[in-house]
$ cat model-v3.tsv   # TSV, C-alpha atoms
chain	number	residue	atom	x	y	z
A	1	MET	CA	51.48	-56.19	-4.63
A	2	ASP	CA	49.59	-59.18	-5.95
A	3	LEU	CA	46.89	-57.13	-7.63
A	4	LEU	CA	49.27	-54.97	-9.61
A	5	ASN	CA	51.35	-57.95	-10.74
A	6	THR	CA	48.14	-59.65	-11.87
A	7	LEU	CA	46.96	-56.56	-13.75
A	8	VAL	CA	50.30	-56.12	-15.51
A	9	ASP	CA	50.25	-59.77	-16.62
A	10	LYS	CA	46.68	-59.42	-17.87
A	11	GLY	CA	47.49	-56.16	-19.66
A	12	LEU	CA	50.40	-57.71	-21.53
A	13	ARG	CA	48.07	-60.53	-22.64
A	14	ARG	CA	45.13	-58.17	-23.44
A	15	GLU	CA	43.09	-60.08	-20.88
A	16	LEU	CA	40.11	-58.35	-19.28
A	17	PRO	CA	40.55	-57.67	-15.54
A	18	THR	CA	37.70	-58.55	-13.21
A	19	ARG	CA	35.40	-55.77	-12.07
A	20	GLU	CA	36.72	-56.27	-8.55
A	21	GLU	CA	40.27	-55.69	-9.76
A	22	ALA	CA	39.26	-52.53	-11.61
A	23	LEU	CA	37.43	-51.21	-8.55
A	24	ALA	CA	40.43	-52.03	-6.38
A	25	VAL	CA	42.62	-49.76	-8.52
A	26	LEU	CA	40.29	-46.87	-7.78
A	27	ALA	CA	40.34	-47.71	-4.06
A	28	THR	CA	44.12	-47.59	-3.61
A	29	SER	CA	45.60	-45.15	-1.14
A	30	ASP	CA	47.82	-42.21	-1.99
A	31	ASP	CA	50.70	-44.13	-0.38
A	32	ASP	CA	50.42	-46.74	-3.15
A	33	LEU	CA	49.80	-44.32	-6.03
A	34	LEU	CA	53.31	-44.45	-7.50
A	35	ASP	CA	53.17	-48.26	-7.49
A	36	VAL	CA	49.88	-48.11	-9.42
A	37	VAL	CA	51.33	-45.66	-11.95
A	38	ALA	CA	54.46	-47.78	-12.38
A	39	ALA	CA	52.41	-50.94	-12.98
A	40	ALA	CA	50.08	-49.34	-15.53
A	41	GLY	CA	53.13	-47.70	-17.09
A	42	LYS	CA	54.58	-51.13	-17.88
A	43	VAL	CA	51.45	-51.94	-19.87
A	44	ARG	CA	51.51	-48.57	-21.64
A	45	ARG	CA	55.19	-48.94	-22.63
A	46	HIS	CA	54.69	-52.52	-23.80
A	47	TRP	CA	52.12	-51.48	-26.39
A	48	PHE	CA	53.15	-47.88	-27.17
A	49	GLY	CA	56.74	-47.41	-26.04
A	50	ARG	CA	57.46	-43.83	-24.97
A	51	ARG	CA	55.59	-42.20	-27.86
A	52	VAL	CA	52.96	-39.50	-27.26
A	53	LYS	CA	50.46	-38.80	-30.01
A	54	LEU	CA	49.39	-35.17	-30.37
A	55	ASN	CA	45.85	-34.27	-31.42
A	56	TYR	CA	44.47	-30.83	-32.25
A	57	LEU	CA	40.86	-29.66	-31.88
A	58	VAL	CA	39.12	-27.33	-34.31
A	59	ASN	CA	35.67	-26.19	-33.16
A	60	LEU	CA	33.80	-25.79	-36.45
A	61	LYS	CA	30.59	-24.47	-34.88
A	62	SER	CA	30.43	-23.25	-31.29
A	63	GLY	CA	27.52	-22.89	-28.88
A	64	LEU	CA	23.73	-22.83	-29.33
A	65	CYS	CA	23.31	-26.60	-29.08
A	66	PRO	CA	19.73	-27.85	-28.60
A	67	GLU	CA	20.84	-30.75	-26.37
A	68	ASP	CA	20.85	-30.44	-22.56
A	69	CYS	CA	24.05	-32.29	-21.58
A	70	SER	CA	24.69	-30.99	-18.06
A	71	TYR	CA	28.48	-30.89	-18.38
A	72	CYS	CA	28.60	-28.88	-21.60
A	73	SER	CA	29.18	-25.13	-21.91
A	74	GLN	CA	27.48	-25.22	-25.32
A	75	ARG	CA	24.26	-26.82	-24.04
A	76	LEU	CA	20.72	-25.55	-24.32
A	77	GLY	CA	20.29	-22.82	-21.70
A	78	SER	CA	23.99	-22.50	-20.90
A	79	LYS	CA	24.94	-19.17	-19.38
A	80	ALA	CA	28.66	-19.81	-19.84
A	81	GLU	CA	30.21	-16.86	-21.63
A	82	ILE	CA	31.79	-18.86	-24.43
A	83	LEU	CA	32.42	-18.00	-28.07
A	84	LYS	CA	29.36	-18.55	-30.23
A	85	TYR	CA	29.61	-18.78	-34.01
A	86	THR	CA	28.21	-20.74	-36.91
A	87	TRP	CA	30.12	-22.98	-39.32
A	88	LEU	CA	33.70	-22.07	-40.21
A	89	LYS	CA	34.39	-22.04	-43.93
A	90	PRO	CA	36.67	-24.86	-45.17
A	91	ASP	CA	39.61	-22.50	-45.67
A	92	GLU	CA	39.16	-21.05	-42.17
A	93	ALA	CA	39.09	-24.53	-40.64
A	94	SER	CA	42.13	-25.56	-42.69
A	95	GLN	CA	44.06	-22.53	-41.43
A	96	ALA	CA	43.11	-23.36	-37.86
A	97	ALA	CA	44.22	-26.98	-38.33
A	98	ALA	CA	47.53	-25.86	-39.82
A	99	ALA	CA	48.54	-24.24	-36.53
A	100	GLY	CA	48.16	-27.53	-34.66
A	101	LEU	CA	49.94	-29.51	-37.34
A	102	ALA	CA	52.85	-27.05	-37.26
A	103	GLY	CA	53.06	-27.70	-33.52
A	104	GLY	CA	53.46	-31.44	-34.09
A	105	ALA	CA	49.87	-32.70	-34.07
A	106	LYS	CA	49.26	-35.88	-36.02
A	107	ARG	CA	45.46	-35.87	-35.88
A	108	VAL	CA	42.99	-33.01	-36.37
A	109	CYS	CA	39.64	-33.39	-34.63
A	110	LEU	CA	36.81	-31.48	-36.33
A	111	VAL	CA	34.02	-30.84	-33.84
A	112	ALA	CA	30.63	-29.14	-34.22
A	113	SER	CA	28.00	-28.46	-31.60
A	114	GLY	CA	24.50	-29.83	-32.17
A	115	ARG	CA	22.46	-32.99	-31.88
A	116	GLY	CA	23.81	-34.33	-35.13
A	117	PRO	CA	24.65	-33.24	-38.67
A	118	THR	CA	22.20	-32.64	-41.49
A	119	ASP	CA	23.18	-33.97	-44.89
A	120	ARG	CA	24.20	-30.41	-45.80
A	121	ASP	CA	26.41	-30.32	-42.72
A	122	VAL	CA	28.09	-33.53	-43.86
A	123	ASP	CA	28.79	-31.82	-47.20
A	124	ARG	CA	30.35	-28.87	-45.34
A	125	VAL	CA	32.56	-31.11	-43.26
A	126	SER	CA	33.50	-33.18	-46.31
A	127	ASP	CA	34.71	-30.00	-48.04
A	128	THR	CA	36.68	-29.10	-44.91
A	129	ILE	CA	38.32	-32.53	-44.76
A	130	LYS	CA	39.37	-32.16	-48.40
A	131	ALA	CA	40.79	-28.69	-47.75
A	132	ILE	CA	42.86	-29.97	-44.83
A	133	LYS	CA	44.12	-33.06	-46.63
A	134	ASP	CA	44.99	-31.09	-49.77
A	135	GLN	CA	47.46	-29.15	-47.62
A	136	ASN	CA	48.55	-32.06	-45.39
A	137	GLU	CA	48.33	-35.40	-47.13
A	138	ASP	CA	49.37	-37.56	-44.16
A	139	VAL	CA	47.20	-35.96	-41.49
A	140	GLU	CA	44.57	-38.04	-39.69
A	141	VAL	CA	41.15	-36.40	-39.55
A	142	CYS	CA	38.58	-37.31	-36.91
A	143	ALA	CA	35.05	-35.91	-37.09
A	144	CYS	CA	32.86	-35.32	-34.03
A	145	LEU	CA	29.47	-34.07	-35.15
A	146	GLY	CA	27.03	-35.72	-32.77
A	147	LEU	CA	24.51	-38.46	-33.54
A	148	LEU	CA	24.79	-39.92	-37.04
A	149	SER	CA	21.94	-40.88	-39.34
A	150	ASP	CA	22.12	-43.85	-41.70
A	151	GLY	CA	24.67	-43.37	-44.48
A	152	GLN	CA	26.42	-40.34	-42.96
A	153	ALA	CA	29.40	-42.27	-41.59
A	154	GLU	CA	29.96	-43.78	-45.02
A	155	ARG	CA	29.89	-40.32	-46.63
A	156	LEU	CA	32.44	-39.01	-44.14
A	157	ARG	CA	34.66	-42.00	-44.84
A	158	GLU	CA	34.41	-41.39	-48.59
A	159	ALA	CA	35.35	-37.74	-48.00
A	160	GLY	CA	38.58	-38.82	-46.35
A	161	ALA	CA	37.73	-38.96	-42.64
A	162	ASP	CA	39.83	-41.49	-40.77
A	163	ALA	CA	37.93	-41.61	-37.49
A	164	TYR	CA	34.74	-40.59	-35.74
A	165	ASN	CA	34.42	-39.55	-32.11
A	166	HIS	CA	31.32	-40.00	-29.99
A	167	ASN	CA	31.81	-40.49	-26.25
A	168	LEU	CA	29.78	-42.64	-23.88
A	169	ASN	CA	30.58	-40.12	-21.12
A	170	THR	CA	29.13	-42.03	-18.16
A	171	SER	CA	27.50	-45.32	-17.21
A	172	GLU	CA	24.23	-46.38	-18.77
A	173	SER	CA	22.52	-46.43	-15.37
A	174	THR	CA	23.28	-42.76	-14.67
A	175	TYR	CA	23.14	-41.40	-18.21
A	176	GLY	CA	19.61	-40.05	-17.81
A	177	ASP	CA	20.79	-37.92	-14.87
A	178	ILE	CA	23.22	-36.10	-17.15
A	179	THR	CA	21.27	-35.79	-20.41
A	180	THR	CA	17.57	-36.08	-21.23
A	181	THR	CA	17.39	-35.01	-24.89
A	182	HIS	CA	18.93	-38.22	-26.22
A	183	THR	CA	19.72	-41.65	-24.81
A	184	TYR	CA	22.73	-43.77	-24.03
A	185	ALA	CA	21.52	-46.18	-26.72
A	186	ASP	CA	21.65	-43.33	-29.26
A	187	ARG	CA	25.33	-42.89	-28.49
A	188	VAL	CA	26.05	-46.61	-28.80
A	189	ASP	CA	24.30	-46.63	-32.16
A	190	THR	CA	26.51	-43.83	-33.50
A	191	VAL	CA	29.74	-45.57	-32.45
A	192	GLN	CA	28.52	-48.74	-34.12
A	193	LYS	CA	27.69	-46.80	-37.31
A	194	ALA	CA	31.25	-45.44	-37.38
A	195	HIS	CA	32.67	-48.95	-36.95
A	196	ALA	CA	30.45	-50.36	-39.68
A	197	ALA	CA	31.55	-47.64	-42.12
A	198	GLY	CA	35.23	-48.52	-41.64
A	199	LEU	CA	36.04	-45.45	-39.58
A	200	SER	CA	38.30	-45.76	-36.56
A	201	ALA	CA	35.98	-45.42	-33.58
A	202	CYS	CA	36.94	-42.96	-30.85
A	203	SER	CA	34.81	-43.05	-27.70
A	204	GLY	CA	35.54	-42.12	-24.12
A	205	LEU	CA	34.24	-40.75	-20.86
A	206	ILE	CA	34.02	-37.75	-18.54
A	207	ALA	CA	35.12	-38.14	-14.92
A	208	GLY	CA	34.15	-35.83	-12.10
A	209	MET	CA	30.40	-35.47	-12.65
A	210	GLY	CA	29.54	-36.97	-9.27
A	211	GLU	CA	29.67	-40.57	-10.47
A	212	SER	CA	30.65	-43.52	-8.27
A	213	ASP	CA	33.59	-45.86	-8.74
A	214	GLU	CA	31.10	-48.43	-10.01
A	215	ASP	CA	29.88	-45.98	-12.67
A	216	LEU	CA	33.44	-45.39	-13.84
A	217	VAL	CA	34.13	-49.10	-14.13
A	218	ASP	CA	30.79	-49.65	-15.89
A	219	VAL	CA	31.49	-47.09	-18.60
A	220	VAL	CA	35.05	-48.31	-19.18
A	221	TYR	CA	33.87	-51.91	-19.50
A	222	SER	CA	31.20	-50.75	-21.94
A	223	LEU	CA	33.86	-48.96	-23.94
A	224	ARG	CA	36.00	-52.07	-24.05
A	225	ALA	CA	33.04	-54.02	-25.41
A	226	LEU	CA	32.48	-51.37	-28.12
A	227	ASP	CA	36.17	-51.76	-29.06
A	228	PRO	CA	37.19	-48.22	-30.04
A	229	ASP	CA	40.76	-47.57	-31.13
A	230	SER	CA	40.90	-44.36	-29.07
A	231	VAL	CA	39.54	-43.73	-25.57
A	232	PRO	CA	39.62	-40.05	-24.54
A	233	VAL	CA	39.47	-39.55	-20.78
A	234	ASN	CA	37.99	-36.14	-20.01
A	235	PHE	CA	37.97	-34.54	-16.57
A	236	LEU	CA	34.94	-32.33	-16.03
A	237	ILE	CA	35.59	-28.63	-16.56
A	238	PRO	CA	33.01	-27.04	-14.22
A	239	PHE	CA	32.00	-24.04	-16.30
A	240	GLU	CA	30.11	-21.30	-14.50
A	241	GLY	CA	26.66	-21.12	-16.06
A	242	THR	CA	26.21	-24.90	-16.39
A	243	PRO	CA	24.38	-27.30	-14.02
A	244	LEU	CA	27.65	-28.96	-12.95
A	245	ALA	CA	29.49	-25.74	-12.12
A	246	LYS	CA	29.79	-26.75	-8.45
A	247	GLU	CA	31.09	-30.28	-9.11
A	248	TRP	CA	34.71	-30.17	-7.98
A	249	ASN	CA	35.23	-33.85	-7.17
A	250	LEU	CA	38.68	-34.61	-8.56
A	251	THR	CA	42.19	-34.54	-7.16
A	252	PRO	CA	45.32	-35.14	-9.23
A	253	GLN	CA	45.70	-38.48	-7.44
A	254	ARG	CA	42.17	-39.61	-8.35
A	255	CYS	CA	42.72	-38.60	-11.96
A	256	LEU	CA	45.84	-40.77	-12.07
A	257	ARG	CA	43.96	-43.74	-10.60
A	258	ILE	CA	41.23	-43.34	-13.21
A	259	LEU	CA	43.76	-43.25	-16.03
A	260	ALA	CA	45.49	-46.33	-14.62
A	261	MET	CA	42.19	-48.22	-14.42
A	262	VAL	CA	41.40	-47.31	-18.04
A	263	ARG	CA	44.84	-48.51	-19.14
A	264	PHE	CA	44.42	-51.85	-17.37
A	265	VAL	CA	40.96	-52.43	-18.87
A	266	CYS	CA	41.92	-51.20	-22.35
A	267	PRO	CA	45.63	-52.01	-22.51
A	268	ASP	CA	46.28	-51.79	-26.26
A	269	VAL	CA	44.17	-48.79	-27.27
A	270	GLU	CA	45.12	-45.13	-27.59
A	271	VAL	CA	44.26	-43.70	-24.18
A	272	ARG	CA	44.08	-39.92	-24.54
A	273	ILE	CA	44.17	-37.36	-21.75
A	274	ALA	CA	41.54	-34.93	-22.98
A	275	GLY	CA	39.69	-31.91	-21.59
A	276	GLY	CA	40.38	-30.78	-18.05
A	277	ARG	CA	43.90	-32.13	-17.56
A	278	GLU	CA	45.30	-28.70	-16.73
A	279	VAL	CA	42.44	-28.03	-14.29
A	280	HIS	CA	42.60	-31.30	-12.35
A	281	LEU	CA	45.99	-32.98	-12.94
A	282	ARG	CA	47.80	-29.66	-12.71
A	283	THR	CA	51.50	-30.25	-11.87
A	284	MET	CA	50.94	-34.02	-12.05
A	285	GLN	CA	50.38	-33.94	-15.82
A	286	PRO	CA	53.85	-35.33	-16.65
A	287	LEU	CA	53.19	-38.36	-14.43
A	288	ALA	CA	50.01	-39.07	-16.40
A	289	LEU	CA	52.07	-39.60	-19.57
A	290	ASN	CA	53.13	-42.92	-18.03
A	291	LEU	CA	49.48	-44.00	-18.33
A	292	ALA	CA	48.16	-42.32	-21.47
A	293	ASN	CA	49.89	-42.28	-24.86
A	294	SER	CA	47.97	-39.38	-26.37
A	295	ILE	CA	47.01	-35.79	-25.49
A	296	PHE	CA	45.37	-32.75	-27.05
A	297	LEU	CA	47.81	-30.00	-27.97
A	298	GLY	CA	46.85	-26.46	-26.99
A	299	ASP	CA	43.25	-25.36	-26.48
A	300	TYR	CA	39.97	-27.27	-26.28
A	301	LEU	CA	36.55	-26.49	-27.71
A	302	THR	CA	35.49	-23.65	-25.43
A	303	SER	CA	38.30	-23.54	-22.85
A	304	GLU	CA	41.99	-22.73	-23.05
A	305	GLY	CA	44.68	-25.29	-22.37
A	306	GLN	CA	48.26	-24.65	-21.40
A	307	ALA	CA	50.56	-23.21	-24.04
A	308	GLY	CA	51.41	-25.61	-26.84
A	309	LYS	CA	55.11	-24.95	-26.25
A	310	ALA	CA	54.64	-26.00	-22.61
A	311	ASP	CA	52.99	-29.25	-23.77
A	312	LEU	CA	56.00	-30.08	-25.93
A	313	GLU	CA	58.45	-29.22	-23.17
A	314	MET	CA	56.49	-31.34	-20.71
A	315	ILE	CA	56.68	-34.36	-23.01
A	316	ALA	CA	60.42	-33.98	-23.53
A	317	ASP	CA	61.19	-33.28	-19.87
A	318	ALA	CA	59.27	-36.39	-18.80
A	319	GLY	CA	61.41	-38.56	-21.10
A	320	PHE	CA	58.80	-39.13	-23.81
A	321	GLU	CA	58.83	-38.28	-27.51
A	322	VAL	CA	56.22	-36.91	-29.90
A	323	GLU	CA	54.92	-39.57	-32.26
A	324	GLY	CA	55.91	-38.80	-35.84
A	325	ALA	CA	53.56	-38.61	-38.83
A	326	GLY	CA	55.08	-41.75	-40.31
A	327	GLU	CA	54.66	-43.85	-37.17
A	328	VAL	CA	51.67	-46.13	-36.65
A	329	THR	CA	49.94	-45.37	-33.37
A	330	LEU	CA	48.26	-48.70	-32.75
A	331	PRO	CA	49.97	-52.01	-32.02
A	332	GLU	CA	50.36	-54.19	-35.09
A	333	HIS	CA	47.56	-56.61	-34.19
A	334	ARG	CA	45.06	-53.73	-34.07
A	335	ALA	CA	46.41	-51.77	-37.03
A	336	THR	CA	46.46	-54.77	-39.36
A	337	ALA	CA	43.01	-55.92	-38.25
A	338	ALA	CA	41.44	-52.60	-39.24
A	339	VAL	CA	39.12	-52.64	-42.21
A	340	GLY	CA	39.76	-49.58	-44.36
A	341	GLY	CA	40.81	-47.39	-41.46
A	342	CYS	CA	42.45	-47.31	-38.08
A	343	GLY	CA	39.84	-49.59	-36.66
A	344	SER	CA	36.63	-51.51	-37.35
A	345	HIS	CA	37.95	-54.85	-36.45
A	346	GLU	CA	36.52	-57.95	-35.04
A	347	GLY	CA	38.00	-59.92	-32.25
A	348	ALA	CA	41.29	-57.96	-32.05
A	349	GLY	CA	40.27	-55.20	-29.78
A	350	CYS	CA	40.73	-54.11	-26.39
A	351	GLY	CA	37.77	-56.23	-25.54
A	352	SER	CA	36.16	-59.52	-24.82
A	353	GLY	CA	32.47	-59.79	-24.13
A	354	ALA	CA	30.66	-57.60	-21.58
A	355	GLU	CA	27.65	-55.54	-22.52
A	356	ALA	CA	28.29	-52.70	-24.92
A	357	GLY	CA	27.42	-49.36	-24.11
A	358	CYS	CA	28.63	-44.38	-26.29
A	359	GLY	CA	29.09	-38.44	-26.17
A	360	SER	CA	31.14	-35.52	-26.95
A	361	HIS	CA	33.06	-33.37	-24.32
A	362	ALA	CA	35.59	-33.28	-22.12
A	363	GLU	CA	35.53	-38.76	-15.84
A	364	ALA	CA	39.26	-45.25	-10.28
A	365	GLY	CA	43.79	-50.81	-5.21
A	366	CYS	CA	46.02	-53.56	-4.83
A	367	GLY	CA	45.04	-57.24	-4.19
A	368	SER	CA	43.49	-59.85	-6.42
A	369	HIS	CA	40.38	-60.36	-4.35
A	370	ALA	CA	36.84	-59.14	-4.48
A	371	ALA	CA	36.58	-55.46	-3.54
A	372	GLY	CA	40.14	-55.92	-2.37
A	373	GLY	CA	42.11	-53.07	-0.97
A	374	VAL	CA	45.83	-52.77	-0.72
A	375	CYS	CA	47.73	-56.03	-0.32
A	376	GLY	CA	44.86	-58.19	0.73
A	377	THR	CA	42.77	-56.04	3.02
A	378	ALA	CA	39.16	-55.82	1.93
A	379	ALA	CA	38.06	-52.27	1.41
A	380	THR	CA	34.86	-50.44	0.67
A	381	PRO	CA	35.68	-47.58	-1.69
A	382	ALA	CA	34.97	-44.28	-0.01
A	383	THR	CA	33.03	-41.55	-1.73
A	384	PRO	CA	35.61	-38.94	-2.72
A	385	ALA	CA	35.46	-35.85	-0.55
A	386	ALA	CA	34.49	-32.58	-2.19
A	387	GLN	CA	37.56	-30.74	-3.40
A	388	GLU	CA	38.43	-27.09	-3.27
A	389	ALA	CA	36.84	-25.27	-6.18
A	390	ARG	CA	39.38	-23.76	-8.57
A	391	PRO	CA	37.38	-21.60	-10.98
A	392	ASP	CA	40.56	-19.58	-11.53
A	393	LEU	CA	41.86	-22.53	-13.56
A	394	VAL	CA	38.90	-22.50	-15.98
A	395	ALA	CA	39.76	-20.10	-18.81
A	396	VAL	CA	37.17	-19.60	-21.54
A	397	ARG	CA	38.75	-19.76	-25.01
A	398	ARG	CA	39.07	-16.33	-26.63
A	399	ARG	CA	41.56	-17.14	-29.39
A	400	GLY	CA	41.87	-19.38	-32.40
A	401	ALA	CA	38.88	-20.65	-34.38
A	402	GLY	CA	36.02	-18.17	-34.50
A	403	THR	CA	38.26	-15.21	-33.54
A	404	ASP	CA	40.83	-12.95	-35.19
A	405	LEU	CA	43.51	-14.00	-32.71
A	406	ALA	CA	46.21	-16.58	-33.32
A	407	PRO	CA	45.47	-20.07	-31.96
A	408	ASN	CA	47.39	-21.77	-29.18
A	409	ALA	CA	49.49	-24.53	-30.68

$ encode --input "model-v3.tsv" --output "structure tokens"
Amino acid sequence: MDLLNTLVDKGLRRELPTREEALAVLATSDDDLLDVVAAAGKVRRHWFGRRVKLNYLVNLKSGLCPEDCSYCSQRLGSKAEILKYTWLKPDEASQAAAAGLAGGAKRVCLVASGRGPTDRDVDRVSDTIKAIKDQNEDVEVCACLGLLSDGQAERLREAGADAYNHNLNTSESTYGDITTTHTYADRVDTVQKAHAAGLSACSGLIAGMGESDEDLVDVVYSLRALDPDSVPVNFLIPFEGTPLAKEWNLTPQRCLRILAMVRFVCPDVEVRIAGGREVHLRTMQPLALNLANSIFLGDYLTSEGQAGKADLEMIADAGFEVEGAGEVTLPEHRATAAVGGCGSHEGAGCGSGAEAGCGSHAEAGCGSHAAGGVCGTAATPATPAAQEARPDLVAVRRRGAGTDLAPNA
């Protein structure tokens, strides 16, 4: 297939595909899916070998968020029956993180609901980072606290944070349909603040919110322009009690195409399969490891993932290996270009040009021709058909942080 050969060559050179090529990946048929996965897998293995980085989420403060993000179970007005609690104490958060680290996680992601942290909140999180690093010197810590004010990224960096997560979630043109209490530009600003402070930027998307192929390509191109080191790909978890509870738009095959498209557009960054993989990839999760080089271990913020032991067995059975604490995740050209952290580099990124675009949750053929379909036939991407709802696969988290029960790790 000419398109796939072209995309592999571009991925090995870190060259940006055309929008038409990216759209063509999303338009491929199920008959060509394994060819798409194999091609994107060549790019993944070139930059990351067969290593899989494990990340572990700790929800520091759950629920009662004043923002109205439609996808989020913690949003203003959410009727989802999730755990609700205020800030964990540093020792509680450190104990929660220890479970994930014992399971093989290399990075701990500290997340708190809300629009953004107060200066007092930054002090709390700084104390938590210290508590975790006192017990685990080599651990990476990523903070995800919402929109940052001036100087807060620098304070987190001084406290020992290695990275900051704030997702773009969807395209700029449709962002207002998903959230009204802040703007797409607000998210971009926070990612740029993290970069400027020397933190490794982590920013990704949510698929399955009713977006078009064009929206998916738009947000991934915006992410490439922002040049994060990590790109989490979330698949919408349609929580009952949220506005998007009826949005069941994803099949395992579509999820794989989306991951392949992200890998081709951002060949040398950490592509992470994030929230919703168990719900939408289901038994196809092992195949997705050929596209992404990073996953979350165990549970998510407000939903339960598959057992941590099952995650580890899946990685081994698929012929991959867990990335060790002493291994550098990023390719050398990205790691050495970082200023004071895993990323904040100029020129070396996944990206070249294009307009920049930035959220926090848990979202795309063959032929090198405009809107090309498989092997040279022009195709107009079809709107994905509605999928069977599987609310039985959405399990609200009832263990771990904020409870007296042992975490899943």

$ axis_aligned_box --input "model-v3.tsv" --around "range 260-274 of chain A" --padding-each-side "6 Å" --output "AutoDock Vina command-line options"
--center_x 43.6 --center_y -43.7 --center_z -21.0 --size_x 17.3 --size_y 29.5 --size_z 25.2

$ atom_distance --input "model-v3.tsv" --atom1 "CA of Gly151 in chain A" --atom2 "CA of Ala163 in chain A"
15.1 Å

$ residues_around --input "model-v3.tsv" --residues "Arg399 in chain A" --least-positions-apart "3" --cutoff "12 Å" --atoms "all atoms listed in the file" --output "list in words"
Val58, Asn59, Ile82, Leu83, Ala96, Gly298, Asp299, Tyr300, Leu301, Thr302, Ser303, Glu304, Gly305, Ala395, Val396, Gly402, Thr403, Asp404, Leu405, Ala406, Pro407, Asn408 and Ala409 of chain A

$ residues_around --input "model-v3.tsv" --residues "Leu60 in chain A" --least-positions-apart "4" --cutoff "7 Å" --atoms "all atoms listed in the file" --output "tab-separated table (two decimals) with C-alpha atoms, in the coordinates of the input"
chain	number	residue	atom	x	y	z
A	87	TRP	CA	30.12	-22.98	-39.32
A	88	LEU	CA	33.70	-22.07	-40.21
A	93	ALA	CA	39.09	-24.53	-40.64
A	110	LEU	CA	36.81	-31.48	-36.33
A	111	VAL	CA	34.02	-30.84	-33.84
A	112	ALA	CA	30.63	-29.14	-34.22

$ residues_around --input "model-v3.tsv" --residues "range 36-45 of chain A" --least-positions-apart "4" --cutoff "7 Å" --atoms "all atoms listed in the file" --output "list in words"
Leu4, Val8, Gly11, Leu12, Asp32, Gly49, Arg50, Ala260, Arg263, Phe264, Pro267, Asn290 and Leu291 of chain A

$ closest_residue --input "model-v3.tsv" --among "A:Leu289, A:Ala197, A:Leu26, A:Leu34" --to "Arg254 in chain A" --atoms "all atoms listed in the file"
A:Leu26

$ atom_distance --input "model-v3.tsv" --atom1 "CA of Ala98 in chain A" --atom2 "CA of Phe296 in chain A"
14.7 Å

$ residues_around --input "model-v3.tsv" --residues "Leu216 in chain A" --least-positions-apart "5" --cutoff "10 Å" --atoms "all atoms listed in the file" --output "number ranges by chain"
A: 22-23, 26, 169-171, 205-208, 211, 221-222, 258, 261-262, 363-364

$ decode --input "model-v3.tsv" --residues "range 187-219 of chain A" --atoms "C-alpha atoms" --output "compact mmCIF listing (two decimals), in the first residue's frame"
# COMPACT_ATOMS: atom_id res chain seq x y z
CA ARG A 187 -5.83 25.04 27.74
CA VAL A 188 -3.16 26.01 25.22
CA ASP A 189 -1.90 28.65 27.64
CA THR A 190 -1.48 26.10 30.44
CA VAL A 191 0.51 23.68 28.25
CA GLN A 192 2.74 26.55 27.20
CA LYS A 193 3.25 27.56 30.85
CA ALA A 194 4.37 24.01 31.65
CA HIS A 195 6.82 24.06 28.73
CA ALA A 196 8.22 27.43 29.74
CA ALA A 197 8.81 26.23 33.32
CA GLY A 198 10.91 23.29 32.12
CA LEU A 199 8.27 20.68 32.85
CA SER A 200 7.69 17.85 30.40
CA ALA A 201 4.38 18.69 28.74
CA CYS A 202 1.74 15.97 28.56
CA SER A 203 -1.33 16.75 26.46
CA GLY A 204 -3.77 14.54 24.62
CA LEU A 205 -7.31 14.01 23.44
CA ILE A 206 -10.61 12.22 24.02
CA ALA A 207 -12.13 10.21 21.17
CA GLY A 208 -15.75 9.16 20.95
CA MET A 209 -17.54 12.40 21.83
CA GLY A 210 -19.31 12.59 18.47
CA GLU A 211 -16.43 14.32 16.69
CA SER A 212 -15.67 13.92 12.98
CA ASP A 213 -12.51 12.51 11.44
CA GLU A 214 -11.53 16.08 10.62
CA ASP A 215 -11.85 17.04 14.29
CA LEU A 216 -9.59 14.17 15.30
CA VAL A 217 -6.94 15.16 12.78
CA ASP A 218 -7.24 18.83 13.81
CA VAL A 219 -6.59 18.11 17.49
